[in-house]
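One structure is given below, encoded as structure tokens.
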Amino acid sequence: MTYTPYMALKNDRVFQMRASDDWLAKIDDWRRTQPDIPPRAEAIRRLVAQALEAGSK
């Protein structure tokens with residue numbers, strides 16, 4: 001999947017979810033290890049994309 005980070009694309013949809021403070025802290029810890037320190041939503045997109053790619057192998 002190719003997309004432009006941080007930018008809404010024409011077909012993007014709003015998605016909301018609930019998450020615990022502990023889970024969000026893990027996401028925040030991971031994103032701080034990234035060279036560009038992505039926003040939380042971008043970090044979640046990247047992690048999901050990695051999981052989906054790994055699951056398709």
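Quick note on naming: the chains in the structure tokens go A, B, ... in the order shown, residues restart at 1 in each chain, and ligands are numbered from 1 in order of appearance.
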Quiz prompt | Test item: residues at most 8 Å from segment 19-29 of chain A, only C-alpha atoms, excluding those fewer than 4 positions along its chain, as a PyMOL selection string | solution = chain A and resi 33+40+43-44
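Pairwise distance (atom CA of Leu47 of chain A, atom CA of Arg32 of chain A) equals 13.3 Å.
Across the structure, atom CA of Lys57 of chain A and atom CA of Arg18 of chain A are spaced 29.2 Å apart.
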Exercise. Run DSSP on the backbone of this structure and report the residues of segment 3-54 of chain A it assigns to helix (DSSP H, G or I), as a list of chain:residue names.
Key: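 Secondary structure check on segment 3-54 of chain A, helix (DSSP H, G or I): A:Asp21, A:Asp22, A:Trp23, A:Leu24, A:Ala25, A:Lys26, A:Ile27, A:Asp28, A:Asp29, A:Trp30, A:Arg31, A:Arg40, A:Ala41, A:Glu42, A:Ala43, A:Ile44, A:Arg45, A:Arg46, A:Leu47, A:Val48, A:Ala49, A:Gln50, A:Ala51, A:Leu52, A:Glu53, A:Ala54.
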Quiz item: Could you work out how far atom CA of Arg31 of chain A lies from atom CA of Lys10 of chain A, giving the answer in Å with one decimal?
Solution: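 Separating atom CA of Lys10 of chain A from atom CA of Arg31 of chain A is a distance of 25.4 Å.
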